[in-house]
>>> print(open('query.txt').read())   # compact mmCIF, C-alpha atoms and all ligand atoms
# COMPACT_ATOMS: atom_id res chain seq x y z
CA MET A 2 0.00 0.00 0.00
CA THR A 3 1.36 3.43 -0.77
CA LYS A 4 1.25 6.23 1.67
CA LYS A 5 -1.40 8.80 1.04
CA SER A 6 0.11 11.80 -0.66
CA SER A 7 -2.79 13.04 -2.73
CA SER A 8 -5.38 13.23 -0.01
CA PRO A 9 -8.56 15.06 -0.83
CA ARG A 10 -8.45 18.75 -0.05
CA SER A 11 -9.93 19.68 3.25
CA THR A 12 -12.83 21.66 1.90
CA PRO A 13 -16.30 21.06 3.26
CA VAL A 14 -18.49 18.80 1.19
CA ARG A 15 -21.76 20.45 0.32
CA ALA A 16 -24.57 19.40 2.51
CA ALA A 17 -27.13 17.14 0.91
CA PRO A 18 -30.34 18.97 0.04
CA ARG A 19 -32.39 19.33 3.18
CA LYS A 20 -34.91 16.54 3.48
CA LYS A 21 -38.45 17.53 4.11
CA THR A 22 -38.71 15.20 7.07
CA VAL A 23 -36.44 16.88 9.59
CA ALA A 24 -36.82 15.46 13.09
CA PRO A 25 -38.54 17.87 15.45
CA GLY A 26 -35.94 20.02 17.15
CA ALA A 27 -33.15 18.93 14.82
CA ALA A 28 -30.60 21.65 14.26
CA SER A 29 -29.62 22.61 10.73
CA GLY A 30 -26.12 23.01 9.36
CA LEU A 31 -24.87 19.76 10.89
CA GLU A 32 -24.98 17.82 7.65
CA GLY A 33 -21.97 17.32 5.37
CA GLY A 34 -18.44 17.89 6.59
CA PHE A 35 -14.81 17.44 5.61
CA PRO A 36 -13.31 14.34 3.98
CA LEU A 37 -11.50 12.44 6.73
CA GLY A 38 -8.32 11.38 4.96
CA LYS A 39 -8.93 8.20 2.99
CA THR A 40 -11.33 6.69 5.48
CA GLY A 41 -14.32 7.37 3.23
CA ARG A 42 -15.98 9.10 6.19
CA LEU A 43 -16.92 12.71 6.54
CA HIS A 44 -15.66 14.69 9.52
CA PRO A 45 -18.71 16.53 10.92
CA PRO A 46 -18.61 20.33 10.69
CA LEU A 47 -19.32 21.04 14.39
CA GLY A 48 -18.55 19.02 17.50
CA LEU A 49 -19.08 18.89 21.26
CA GLY A 50 -15.99 18.66 23.45
CA LEU A 51 -16.17 16.87 26.77
CA TRP A 52 -13.43 18.55 28.74
CA ALA A 53 -14.51 19.98 32.09
CA LEU A 54 -18.15 19.10 31.53
CA GLY A 55 -19.73 19.85 34.87
CA ARG A 56 -16.22 20.44 36.24
CA TRP A 57 -16.27 16.74 37.20
CA ARG A 58 -18.35 17.21 40.34
CA PRO A 59 -20.36 14.02 40.92
CA GLU A 60 -23.51 16.07 41.47
CA ASP A 61 -23.16 17.46 37.93
CA GLU A 62 -23.03 14.07 36.23
CA ALA A 63 -26.73 13.93 35.32
CA ARG A 64 -26.58 17.41 33.77
CA THR A 65 -23.42 16.47 31.92
CA LYS A 66 -25.03 13.37 30.47
CA ALA A 67 -28.10 15.38 29.57
CA ALA A 68 -25.92 17.84 27.63
CA ILE A 69 -24.32 15.01 25.62
CA GLY A 70 -27.70 13.37 25.10
CA ARG A 71 -29.20 16.64 23.90
CA ALA A 72 -26.39 17.11 21.40
CA LEU A 73 -26.87 13.57 20.06
CA GLU A 74 -30.61 14.06 19.79
CA ARG A 75 -30.16 17.37 17.98
CA GLY A 76 -27.86 15.86 15.35
CA VAL A 77 -24.33 16.53 16.61
CA ARG A 78 -22.17 13.69 15.27
CA TRP A 79 -18.70 14.53 16.63
CA PHE A 80 -17.79 14.04 20.29
CA ASP A 81 -14.31 14.79 21.58
CA THR A 82 -12.77 13.46 24.76
CA ALA A 83 -9.34 12.45 26.10
CA GLU A 84 -7.85 10.06 28.60
CA VAL A 85 -6.76 13.03 30.72
CA TYR A 86 -10.21 14.68 30.92
CA GLY A 87 -11.41 14.15 34.47
CA ALA A 88 -8.80 11.37 34.76
CA GLY A 89 -10.91 9.09 32.54
CA ARG A 90 -14.35 10.21 33.74
CA SER A 91 -15.09 12.05 30.52
CA GLU A 92 -14.54 8.88 28.48
CA ARG A 93 -16.64 6.83 30.92
CA ILE A 94 -19.53 9.27 30.81
CA LEU A 95 -19.44 9.43 27.01
CA GLY A 96 -19.32 5.63 26.80
CA ASP A 97 -22.29 5.38 29.10
CA VAL A 98 -24.40 7.87 27.14
CA PHE A 99 -23.55 6.12 23.86
CA TYR A 100 -24.35 2.71 25.32
CA ARG A 101 -27.78 3.93 26.41
CA ALA A 102 -28.39 5.68 23.08
CA GLY A 103 -27.70 2.43 21.19
CA PRO A 104 -28.33 2.61 17.45
CA ALA A 105 -29.18 6.33 17.70
CA ALA A 106 -25.47 7.01 18.27
CA ALA A 107 -24.12 4.47 15.80
CA ASP A 108 -23.15 7.01 13.14
CA ALA A 109 -21.49 9.47 15.54
CA MET A 110 -17.73 9.98 15.52
CA ILE A 111 -15.87 9.53 18.81
CA VAL A 112 -12.48 11.15 19.13
CA THR A 113 -10.18 10.54 22.07
CA LYS A 114 -6.58 11.45 22.77
CA LEU A 115 -3.35 9.86 23.87
CA SER A 116 -1.92 11.81 26.81
CA TRP A 117 1.38 13.64 26.43
CA GLU A 118 2.51 11.47 29.33
CA HIS A 119 2.04 8.27 27.30
CA LEU A 120 3.94 8.97 24.11
CA ARG A 121 6.68 6.37 24.54
CA PRO A 122 6.00 3.36 22.30
CA ALA A 123 5.51 0.93 25.19
CA GLN A 124 2.90 3.26 26.73
CA VAL A 125 0.75 3.75 23.64
CA ARG A 126 -1.08 0.41 23.53
CA PRO A 127 -2.01 0.33 27.24
CA ALA A 128 -3.21 3.93 27.02
CA LEU A 129 -5.45 3.16 24.05
CA MET A 130 -6.77 0.00 25.67
CA GLY A 131 -7.65 2.00 28.78
CA SER A 132 -9.56 4.52 26.69
CA LEU A 133 -11.41 1.79 24.78
CA GLN A 134 -12.34 0.08 28.00
CA ARG A 135 -13.73 3.30 29.50
CA LEU A 136 -15.58 4.10 26.27
CA GLY A 137 -16.93 0.55 26.07
CA ARG A 138 -15.75 0.09 22.49
CA SER A 139 -13.41 -2.15 20.56
CA LYS A 140 -12.25 0.67 18.28
CA VAL A 141 -12.06 4.46 18.34
CA ASP A 142 -12.96 6.40 15.21
CA LEU A 143 -10.18 8.93 15.53
CA TYR A 144 -7.23 8.92 17.96
CA LEU A 145 -5.18 12.06 18.48
CA VAL A 146 -1.80 12.65 20.06
CA HIS A 147 -2.92 15.23 22.62
CA SER A 148 0.25 17.26 22.52
CA PRO A 149 3.87 16.66 21.53
CA ASP A 150 6.50 16.06 24.18
CA PRO A 151 9.98 17.25 23.16
CA ARG A 152 11.50 14.40 25.20
CA VAL A 153 9.90 11.72 23.01
CA PRO A 154 10.63 11.53 19.26
CA ILE A 155 7.35 11.99 17.38
CA ALA A 156 8.31 9.19 14.98
CA ASP A 157 8.40 6.64 17.81
CA THR A 158 4.86 7.46 18.91
CA MET A 159 3.52 7.49 15.36
CA SER A 160 4.97 4.04 14.57
CA ALA A 161 3.26 2.61 17.65
CA LEU A 162 -0.01 4.25 16.61
CA GLU A 163 0.28 2.92 13.06
CA ALA A 164 0.57 -0.63 14.39
CA LEU A 165 -2.71 -0.15 16.30
CA TRP A 166 -4.32 1.38 13.23
CA LYS A 167 -3.30 -1.73 11.23
CA GLU A 168 -4.94 -3.89 13.88
CA GLY A 169 -8.17 -1.95 13.38
CA LYS A 170 -8.28 -0.46 16.87
CA ILE A 171 -8.02 3.08 15.51
CA GLY A 172 -10.09 4.30 12.56
CA ALA A 173 -7.77 7.21 11.81
CA ILE A 174 -4.80 8.99 13.38
CA GLY A 175 -4.59 12.68 14.20
CA VAL A 176 -2.62 15.14 16.28
CA SER A 177 -3.32 18.12 18.49
CA ASN A 178 -1.30 21.23 19.31
CA PHE A 179 1.22 20.33 16.59
CA SER A 180 3.05 22.95 14.52
CA VAL A 181 3.51 22.50 10.76
CA ALA A 182 7.03 21.14 11.33
CA GLN A 183 5.76 18.65 13.91
CA MET A 184 2.95 17.55 11.59
CA ALA A 185 5.46 16.97 8.80
CA GLU A 186 7.60 14.88 11.16
CA ALA A 187 4.62 12.85 12.29
CA ARG A 188 3.48 12.19 8.73
CA ALA A 189 6.95 11.16 7.60
CA ALA A 190 6.93 8.41 10.23
CA LEU A 191 3.68 6.87 8.96
CA LYS A 192 4.16 4.37 6.16
CA GLU A 193 0.67 3.27 5.18
CA THR A 194 -1.63 5.89 6.60
CA ASP A 195 -1.53 9.61 7.29
CA VAL A 196 -2.38 12.27 9.84
CA VAL A 197 -5.95 13.33 9.08
CA VAL A 198 -6.62 15.99 11.76
CA ASN A 199 -4.81 18.62 13.79
CA GLN A 200 -6.78 20.02 16.74
CA VAL A 201 -5.58 23.45 17.88
CA LEU A 202 -6.64 26.48 19.90
CA TYR A 203 -8.42 28.77 17.46
CA ASN A 204 -10.93 31.53 18.00
CA LEU A 205 -11.49 35.16 17.04
CA PHE A 206 -9.24 36.31 19.89
CA GLU A 207 -6.57 33.61 19.75
CA ARG A 208 -5.53 32.97 16.19
CA ALA A 209 -1.83 32.22 16.10
CA ASP A 210 -1.95 28.41 16.14
CA GLY A 211 -4.81 28.07 13.67
CA ASP A 212 -3.42 30.69 11.30
CA GLU A 213 -0.07 28.92 11.26
CA ILE A 214 -1.36 25.48 10.30
CA LEU A 215 -4.37 26.29 8.11
CA PRO A 216 -2.62 26.84 4.75
CA TYR A 217 -0.61 23.62 5.15
CA CYS A 218 -3.64 21.61 6.29
CA ARG A 219 -5.78 22.94 3.48
CA LYS A 220 -3.13 21.96 0.93
CA GLU A 221 -2.59 18.51 2.44
CA GLY A 222 -6.22 17.63 3.12
CA ILE A 223 -5.86 17.64 6.91
CA VAL A 224 -8.91 18.74 8.91
CA VAL A 225 -8.33 21.63 11.32
CA GLU A 226 -10.37 21.18 14.48
CA ALA A 227 -10.70 24.48 16.38
CA TYR A 228 -10.89 24.05 20.13
CA THR A 229 -12.08 26.73 22.55
CA PRO A 230 -14.03 28.43 19.73
CA LEU A 231 -16.07 30.48 22.23
CA ALA A 232 -13.06 31.59 24.29
CA ARG A 233 -14.62 29.67 27.23
CA GLY A 234 -17.89 31.57 26.90
CA LEU A 235 -16.54 35.08 26.33
CA LEU A 236 -17.54 34.85 22.66
CA ALA A 237 -20.99 33.55 23.60
CA GLY A 238 -21.80 36.63 25.65
CA LYS A 239 -20.64 35.36 29.03
CA TYR A 240 -18.40 37.70 31.03
CA LEU A 241 -19.21 40.82 28.99
CA SER A 242 -18.48 42.77 32.15
CA GLY A 243 -17.38 42.11 35.69
CA THR A 244 -14.82 39.60 36.81
CA VAL A 245 -14.05 36.30 35.11
CA PRO A 246 -13.57 33.21 37.27
CA VAL A 247 -10.00 31.94 37.43
CA GLY A 248 -10.67 28.69 35.51
CA PRO A 249 -12.02 30.20 32.29
CA ALA A 250 -9.55 33.07 32.44
CA ARG A 251 -6.62 30.69 32.73
CA SER A 252 -7.75 28.31 30.05
CA THR A 253 -8.37 30.95 27.40
CA GLY A 254 -4.85 32.29 27.72
CA LEU A 255 -6.52 35.70 27.67
CA ARG A 256 -5.73 36.37 31.32
CA GLU A 257 -3.17 39.01 30.48
CA ARG A 258 -5.58 41.00 28.38
CA LEU A 259 -8.99 40.29 29.80
CA PRO A 260 -10.23 43.89 30.01
CA GLU A 261 -9.36 44.34 26.35
CA ALA A 262 -10.97 41.02 25.39
CA GLN A 263 -14.12 42.01 27.26
CA ARG A 264 -14.18 45.31 25.39
CA MET A 265 -13.91 43.45 22.07
CA ALA A 266 -16.60 41.02 23.22
CA ARG A 267 -18.97 43.90 23.96
CA GLN A 268 -18.41 45.25 20.45
CA LEU A 269 -19.06 41.82 18.97
CA HIS A 270 -22.17 41.53 21.11
CA ASP A 271 -23.51 44.82 19.68
CA LEU A 272 -22.61 43.72 16.15
CA ALA A 273 -24.49 40.45 16.59
CA ARG A 274 -27.50 42.25 18.09
CA ASP A 275 -27.67 44.65 15.11
CA ALA A 276 -27.27 41.73 12.65
CA ARG A 277 -29.97 39.78 14.54
CA VAL A 278 -27.81 36.70 15.06
CA PRO A 279 -26.68 35.10 18.33
CA MET A 280 -23.23 36.34 19.34
CA ALA A 281 -21.77 32.81 19.26
CA SER A 282 -22.75 32.59 15.62
CA LEU A 283 -20.02 35.15 14.77
CA ALA A 284 -17.39 33.07 16.57
CA LEU A 285 -18.44 29.75 15.01
CA HIS A 286 -18.95 30.95 11.46
CA TRP A 287 -15.75 33.01 11.48
CA LEU A 288 -13.97 29.66 11.97
CA SER A 289 -16.11 27.79 9.52
CA GLU A 290 -15.51 30.40 6.80
CA ARG A 291 -11.78 29.77 7.23
CA GLY A 292 -12.24 26.05 6.74
CA ALA A 293 -11.87 25.03 10.41
CA ALA A 294 -14.33 22.81 12.28
CA PRO A 295 -15.37 24.34 15.65
CA LEU A 296 -15.30 22.08 18.71
CA PHE A 297 -17.38 23.78 21.40
CA GLY A 298 -17.93 23.02 25.06
CA ALA A 299 -21.20 23.13 27.00
CA SER A 300 -21.89 22.26 30.61
CA GLN A 301 -25.66 22.03 30.31
CA PRO A 302 -28.27 21.07 27.70
CA GLU A 303 -29.53 24.66 27.37
CA GLN A 304 -26.08 25.75 26.21
CA VAL A 305 -26.11 23.00 23.59
CA ASP A 306 -29.43 24.37 22.31
CA GLU A 307 -28.08 27.91 22.23
CA ILE A 308 -24.93 26.96 20.40
CA LEU A 309 -26.84 24.90 17.84
CA ALA A 310 -29.17 27.86 17.28
CA ALA A 311 -26.09 30.03 16.78
CA TRP A 312 -24.71 27.50 14.28
CA ALA A 313 -27.99 27.41 12.38
CA ALA A 314 -27.99 31.22 12.03
CA ARG A 315 -25.64 32.36 9.31
CA PRO A 316 -24.18 35.86 9.56
CA SER A 317 -23.54 37.60 6.23
CA ALA A 318 -20.00 37.87 4.84
CA SER A 319 -19.94 41.58 5.67
CA VAL A 320 -20.93 40.94 9.29
CA LEU A 321 -18.19 38.32 9.60
CA ALA A 322 -15.69 40.73 8.08
CA ARG A 323 -16.70 43.31 10.67
CA ALA A 324 -16.29 40.76 13.46
CA ASP A 325 -12.86 39.91 12.09
CA ALA A 326 -11.87 43.58 12.08
CA ILE A 327 -13.11 44.18 15.62
CA ALA A 328 -10.98 41.33 16.96
CA VAL A 329 -7.96 41.99 14.72
CA ASP A 330 -7.80 45.68 15.59
CA HIS A 331 -7.22 44.83 19.22
CA ASP A 332 -5.35 41.55 18.85
CA ALA A 333 -2.27 41.77 20.99
CA GLY A 334 -1.36 38.13 20.36
N1 LIG B 1 -6.57 19.46 22.36
C1 LIG B 1 -6.48 20.27 23.38
O1 LIG B 1 -5.39 20.53 23.92
C2 LIG B 1 -7.72 20.91 23.91
C3 LIG B 1 -7.65 21.99 24.82
C4 LIG B 1 -8.84 22.57 25.25
C5 LIG B 1 -10.06 22.09 24.78
N2 LIG B 1 -10.10 21.02 23.91
C6 LIG B 1 -11.38 20.46 23.43
O2 LIG B 1 -12.21 21.50 22.97
C7 LIG B 1 -13.45 21.45 23.67
C8 LIG B 1 -14.04 22.82 23.80
O3 LIG B 1 -13.16 23.63 24.55
P1 LIG B 1 -13.71 24.74 25.52
O4 LIG B 1 -14.60 24.15 26.53
O5 LIG B 1 -12.54 25.54 25.95
O6 LIG B 1 -14.60 25.56 24.45
P2 LIG B 1 -15.48 26.82 24.37
O7 LIG B 1 -16.58 26.42 23.48
O8 LIG B 1 -14.65 28.01 24.00
O9 LIG B 1 -16.02 27.09 25.85
C9 LIG B 1 -17.02 26.30 26.40
C10 LIG B 1 -17.66 27.04 27.55
O10 LIG B 1 -18.34 28.19 27.07
C11 LIG B 1 -19.46 28.43 27.88
N3 LIG B 1 -20.67 28.42 27.03
C12 LIG B 1 -21.07 27.46 26.16
N4 LIG B 1 -22.22 27.80 25.60
C13 LIG B 1 -22.58 29.00 26.12
C14 LIG B 1 -23.68 29.85 25.92
N5 LIG B 1 -24.65 29.53 25.08
N6 LIG B 1 -23.71 31.01 26.60
C15 LIG B 1 -22.71 31.34 27.46
N7 LIG B 1 -21.64 30.57 27.69
C16 LIG B 1 -21.57 29.39 27.03
C17 LIG B 1 -19.56 27.30 28.89
O11 LIG B 1 -18.93 27.75 30.10
P3 LIG B 1 -19.53 27.28 31.51
O12 LIG B 1 -19.46 25.81 31.51
O13 LIG B 1 -18.58 27.96 32.47
O14 LIG B 1 -20.93 27.80 31.58
C18 LIG B 1 -18.74 26.22 28.23
O15 LIG B 1 -18.19 25.31 29.14
C19 LIG B 1 -13.10 20.79 25.00
O16 LIG B 1 -14.23 20.24 25.63
C20 LIG B 1 -12.13 19.74 24.54
O17 LIG B 1 -12.84 18.64 24.01
C21 LIG B 1 -8.96 20.46 23.46
>>> encode(input="query.txt", output="structure tokens")
Amino acid sequence: MTKKSSSPRSTPVRAAPRKKTVAPGAASGLEGGFPLGKTGRLHPPLGLGLWALGRWRPEDEARTKAAIGRALERGVRWFDTAEVYGAGRSERILGDVFYRAGPAAADAMIVTKLSWEHLRPAQVRPALMGSLQRLGRSKVDLYLVHSPDPRVPIADTMSALEALWKEGKIGAIGVSNFSVAQMAEARAALKETDVVVNQVLYNLFERADGDEILPYCRKEGIVVEAYTPLARGLLAGKYLSGTVPVGPARSTGLRERLPEAQRMARQLHDLARDARVPMASLALHWLSERGAAPLFGASQPEQVDEILAAWAARPSASVLARADAIAVDHDAG
């Protein structure tokens, strides 16, 4: 078998014409997606990430499961987790919801990630087996290297992953938080398959990582998954004023320039109000227009509904250009 070198370009496939029989409550804009390497599958255009759902407090578990269930019911077909999220609880919860959903979840794509602490070849198989066990599956659709570790050669990890891919335990291999050079190194180590995804921090306020990899990924047919698309809620209208709790502030990386980010967010909020679209719709479609697939978080079912409504509303090109200018003008990053 030859290694994939002429992978399909990572442009979204047009959605099939809308069927007349849309399930009640189904969100629109979730059809179609990006070709996922040579798997023959489409990578859905929007996904739900399961990091910090409910902040892992046992009392939040029911709400967390309800949020995942709502997303499934509304047509979301991409769910992202990792062995490190809640020390395995995220994978367990997702596995449980999928088990209960049965055939209704059969066509959904599950993505999980190999921890940066398990990149040595001997650690890769046990880490994957642990994830599969918690997810209650014999195979994961897409397995990402969560983050590179300079102490472990990328090629060593990729060879171990390729062996598991050949065994059929991994549907496709991807990476996360990789630069272009690191992606090239990872791909060079794969003999019979290829890297199909790179998941990076990418939103209106934090563009550096996504901007760096997008041209390369577009050319090579690698899907760019954009995590933290709502800047932990700031781009959905949360924290427009007042203080921001430590957790969200830390994880956005915007801590140093929060007052400025809040000022930009207020301008985006006014823009969205005048354009009669939800504020989050600017953040999500700004990414989508660039060819990236947003991976949002939600800690309750109502947020899932709001984000899907934002996804279904399409701001005009001029409104998105204005949103881009508002954020660019103040971008200190
Ligand atoms: N590969 C990596 O290294 C990496 C790193 C980070 C994230 N990720 C992935 O990306 C996923 C998303 O990341 P993220 O959680 O940072 O994304 P995000 O979409 O930027 O933020 C999600 C948070 O925004 C708030 N929110 C959601 N809907 C809202 C609404 N309608 N109104 C107001 N606020 C709303 C919620 O905060 P509250 O819960 O506080 O209400 C929610 O938890 C993660 O779950 C994970 O799967 C990957």
>>> closest_residue(input="query.txt", among="A:Ser319, A:Thr244, A:Thr65, A:Thr229", to="Ser300 in chain A", atoms="all atoms listed in the file")
A:Thr65
>>> closest_atom_pairs(input="query.txt", of="chain A", to="ligand LIG 1 (chain B)", cutoff="6 Å", atoms="only C-alpha atoms and all ligand atoms", output="JSON lines")
{"residue": "A:Gly50", "atom": "CA", "partner": "B:LIG1", "partner_atom": "O17", "distance": 3.2}
{"residue": "A:Leu51", "atom": "CA", "partner": "B:LIG1", "partner_atom": "O16", "distance": 4.1}
{"residue": "A:Trp52", "atom": "CA", "partner": "B:LIG1", "partner_atom": "O16", "distance": 3.6}
{"residue": "A:Asp81", "atom": "CA", "partner": "B:LIG1", "partner_atom": "O17", "distance": 4.8}
{"residue": "A:Thr82", "atom": "CA", "partner": "B:LIG1", "partner_atom": "O17", "distance": 5.2}
{"residue": "A:His147", "atom": "CA", "partner": "B:LIG1", "partner_atom": "N1", "distance": 5.6}
{"residue": "A:Ser177", "atom": "CA", "partner": "B:LIG1", "partner_atom": "N1", "distance": 5.2}
{"residue": "A:Gln200", "atom": "CA", "partner": "B:LIG1", "partner_atom": "N1", "distance": 5.7}
{"residue": "A:Tyr228", "atom": "CA", "partner": "B:LIG1", "partner_atom": "O2", "distance": 4.0}
{"residue": "A:Thr229", "atom": "CA", "partner": "B:LIG1", "partner_atom": "O8", "distance": 3.2}
{"residue": "A:Pro230", "atom": "CA", "partner": "B:LIG1", "partner_atom": "O8", "distance": 4.3}
{"residue": "A:Leu231", "atom": "CA", "partner": "B:LIG1", "partner_atom": "O8", "distance": 3.4}
{"residue": "A:Ala232", "atom": "CA", "partner": "B:LIG1", "partner_atom": "O8", "distance": 3.9}
{"residue": "A:Arg233", "atom": "CA", "partner": "B:LIG1", "partner_atom": "O9", "distance": 3.2}
{"residue": "A:Gly234", "atom": "CA", "partner": "B:LIG1", "partner_atom": "O10", "distance": 3.4}
{"residue": "A:Ala237", "atom": "CA", "partner": "B:LIG1", "partner_atom": "C15", "distance": 4.8}
{"residue": "A:Gly238", "atom": "CA", "partner": "B:LIG1", "partner_atom": "C15", "distance": 5.7}
{"residue": "A:Lys239", "atom": "CA", "partner": "B:LIG1", "partner_atom": "C15", "distance": 4.8}
{"residue": "A:Leu296", "atom": "CA", "partner": "B:LIG1", "partner_atom": "O2", "distance": 5.3}
{"residue": "A:Phe297", "atom": "CA", "partner": "B:LIG1", "partner_atom": "O7", "distance": 3.5}
{"residue": "A:Gly298", "atom": "CA", "partner": "B:LIG1", "partner_atom": "C9", "distance": 3.7}
{"residue": "A:Ala299", "atom": "CA", "partner": "B:LIG1", "partner_atom": "C18", "distance": 4.1}
{"residue": "A:Ser300", "atom": "CA", "partner": "B:LIG1", "partner_atom": "O12", "distance": 4.4}
{"residue": "A:Gln304", "atom": "CA", "partner": "B:LIG1", "partner_atom": "N5", "distance": 4.2}
{"residue": "A:Glu307", "atom": "CA", "partner": "B:LIG1", "partner_atom": "N5", "distance": 4.7}
{"residue": "A:Ile308", "atom": "CA", "partner": "B:LIG1", "partner_atom": "N5", "distance": 5.3}
>>> residues_around(input="query.txt", residues="Phe179 in chain A", least_positions_apart="6", cutoff="9 Å", atoms="all atoms listed in the file", output="VMD selection string")
chain A and resid 146 to 149 199 to 201 210 214
>>> closest_residue(input="query.txt", among="A:Arg90, A:Gly169, A:Glu226, A:Asp275", to="Arg58 in chain A", atoms="all atoms listed in the file")
A:Arg90
>>> residues_around(input="query.txt", residues="His286 in chain A", least_positions_apart="6", cutoff="8 Å", atoms="all atoms listed in the file", output="PyMOL selection string")
chain A and resi 312+315-316+321
>>> atom_distance(input="query.txt", atom1="CA of Met280 in chain A", atom2="CA of Gly33 in chain A")
23.6 Å
>>> closest_residue(input="query.txt", among="A:Tyr217, A:Trp166, A:Trp287, A:Tyr86", to="Thr113 in chain A", atoms="only C-alpha atoms")
A:Tyr86
>>> residues_around(input="query.txt", residues="range 127-138 of chain A", least_positions_apart="2", cutoff="6 Å", atoms="all atoms listed in the file", output="list of chain:residue names")
A:Glu92, A:Arg93, A:Gly96, A:Gln124, A:Val125, A:Lys140
>>> closest_residue(input="query.txt", among="A:Arg126, A:Asp195, A:Arg101, A:Gly30", to="Ser282 in chain A", atoms="all atoms listed in the file")
A:Gly30
>>> residues_around(input="query.txt", residues="Leu269 in chain A", least_positions_apart="5", cutoff="9 Å", atoms="all atoms listed in the file", output="compact mmCIF listing (two decimals) with C-alpha atoms, in the frame of the given file")
# COMPACT_ATOMS: atom_id res chain seq x y z
CA LEU A 236 -17.54 34.85 22.66
CA GLY A 238 -21.80 36.63 25.65
CA ARG A 264 -14.18 45.31 25.39
CA ARG A 274 -27.50 42.25 18.09
CA MET A 280 -23.23 36.34 19.34
CA LEU A 283 -20.02 35.15 14.77
CA ARG A 323 -16.70 43.31 10.67
CA ALA A 324 -16.29 40.76 13.46
CA ILE A 327 -13.11 44.18 15.62
CA ALA A 328 -10.98 41.33 16.96
>>> atom_distance(input="query.txt", atom1="CA of Leu202 in chain A", atom2="CA of Ala227 in chain A")
5.7 Å
>>> build_atoms(input="query.txt", residues="range 140-151 of chain A", atoms="N, CA, C and O atoms", output="PDB file, in the coordinates of the input")
ATOM      1  N   LYS A 140     -12.999  -0.152  19.243  1.00  0.00           N
ATOM      2  CA  LYS A 140     -12.250   0.670  18.280  1.00  0.00           C
ATOM      3  C   LYS A 140     -12.647   2.129  18.486  1.00  0.00           C
ATOM      4  O   LYS A 140     -13.809   2.405  18.818  1.00  0.00           O
ATOM      5  N   VAL A 141     -11.712   3.039  18.288  1.00  0.00           N
ATOM      6  CA  VAL A 141     -12.060   4.460  18.340  1.00  0.00           C
ATOM      7  C   VAL A 141     -11.980   5.025  16.922  1.00  0.00           C
ATOM      8  O   VAL A 141     -11.115   4.624  16.139  1.00  0.00           O
ATOM      9  N   ASP A 142     -12.911   5.896  16.584  1.00  0.00           N
ATOM     10  CA  ASP A 142     -12.960   6.400  15.210  1.00  0.00           C
ATOM     11  C   ASP A 142     -11.724   7.216  14.851  1.00  0.00           C
ATOM     12  O   ASP A 142     -11.180   7.099  13.759  1.00  0.00           O
ATOM     13  N   LEU A 143     -11.310   8.050  15.793  1.00  0.00           N
ATOM     14  CA  LEU A 143     -10.180   8.930  15.530  1.00  0.00           C
ATOM     15  C   LEU A 143      -9.393   9.082  16.830  1.00  0.00           C
ATOM     16  O   LEU A 143      -9.977   9.359  17.881  1.00  0.00           O
ATOM     17  N   TYR A 144      -8.079   8.877  16.757  1.00  0.00           N
ATOM     18  CA  TYR A 144      -7.230   8.920  17.960  1.00  0.00           C
ATOM     19  C   TYR A 144      -6.166   9.985  17.738  1.00  0.00           C
ATOM     20  O   TYR A 144      -5.407   9.932  16.763  1.00  0.00           O
ATOM     21  N   LEU A 145      -6.123  10.955  18.634  1.00  0.00           N
ATOM     22  CA  LEU A 145      -5.180  12.060  18.480  1.00  0.00           C
ATOM     23  C   LEU A 145      -4.051  11.982  19.500  1.00  0.00           C
ATOM     24  O   LEU A 145      -4.283  11.596  20.650  1.00  0.00           O
ATOM     25  N   VAL A 146      -2.876  12.405  19.095  1.00  0.00           N
ATOM     26  CA  VAL A 146      -1.800  12.650  20.060  1.00  0.00           C
ATOM     27  C   VAL A 146      -2.128  14.008  20.681  1.00  0.00           C
ATOM     28  O   VAL A 146      -2.194  15.020  19.979  1.00  0.00           O
ATOM     29  N   HIS A 147      -2.370  14.022  21.985  1.00  0.00           N
ATOM     30  CA  HIS A 147      -2.920  15.230  22.620  1.00  0.00           C
ATOM     31  C   HIS A 147      -2.003  16.440  22.475  1.00  0.00           C
ATOM     32  O   HIS A 147      -2.453  17.562  22.263  1.00  0.00           O
ATOM     33  N   SER A 148      -0.723  16.176  22.590  1.00  0.00           N
ATOM     34  CA  SER A 148       0.250  17.260  22.520  1.00  0.00           C
ATOM     35  C   SER A 148       1.632  16.645  22.381  1.00  0.00           C
ATOM     36  O   SER A 148       1.875  15.578  22.954  1.00  0.00           O
ATOM     37  N   PRO A 149       2.533  17.264  21.627  1.00  0.00           N
ATOM     38  CA  PRO A 149       3.870  16.660  21.530  1.00  0.00           C
ATOM     39  C   PRO A 149       4.641  16.828  22.829  1.00  0.00           C
ATOM     40  O   PRO A 149       4.342  17.723  23.619  1.00  0.00           O
ATOM     41  N   ASP A 150       5.609  15.957  23.026  1.00  0.00           N
ATOM     42  CA  ASP A 150       6.500  16.060  24.180  1.00  0.00           C
ATOM     43  C   ASP A 150       7.917  16.050  23.613  1.00  0.00           C
ATOM     44  O   ASP A 150       8.333  15.058  23.016  1.00  0.00           O
ATOM     45  N   PRO A 151       8.641  17.158  23.775  1.00  0.00           N
ATOM     46  CA  PRO A 151       9.980  17.250  23.160  1.00  0.00           C
ATOM     47  C   PRO A 151      10.925  16.143  23.594  1.00  0.00           C
ATOM     48  O   PRO A 151      11.919  15.864  22.920  1.00  0.00           O
TER      49      PRO A 151
END
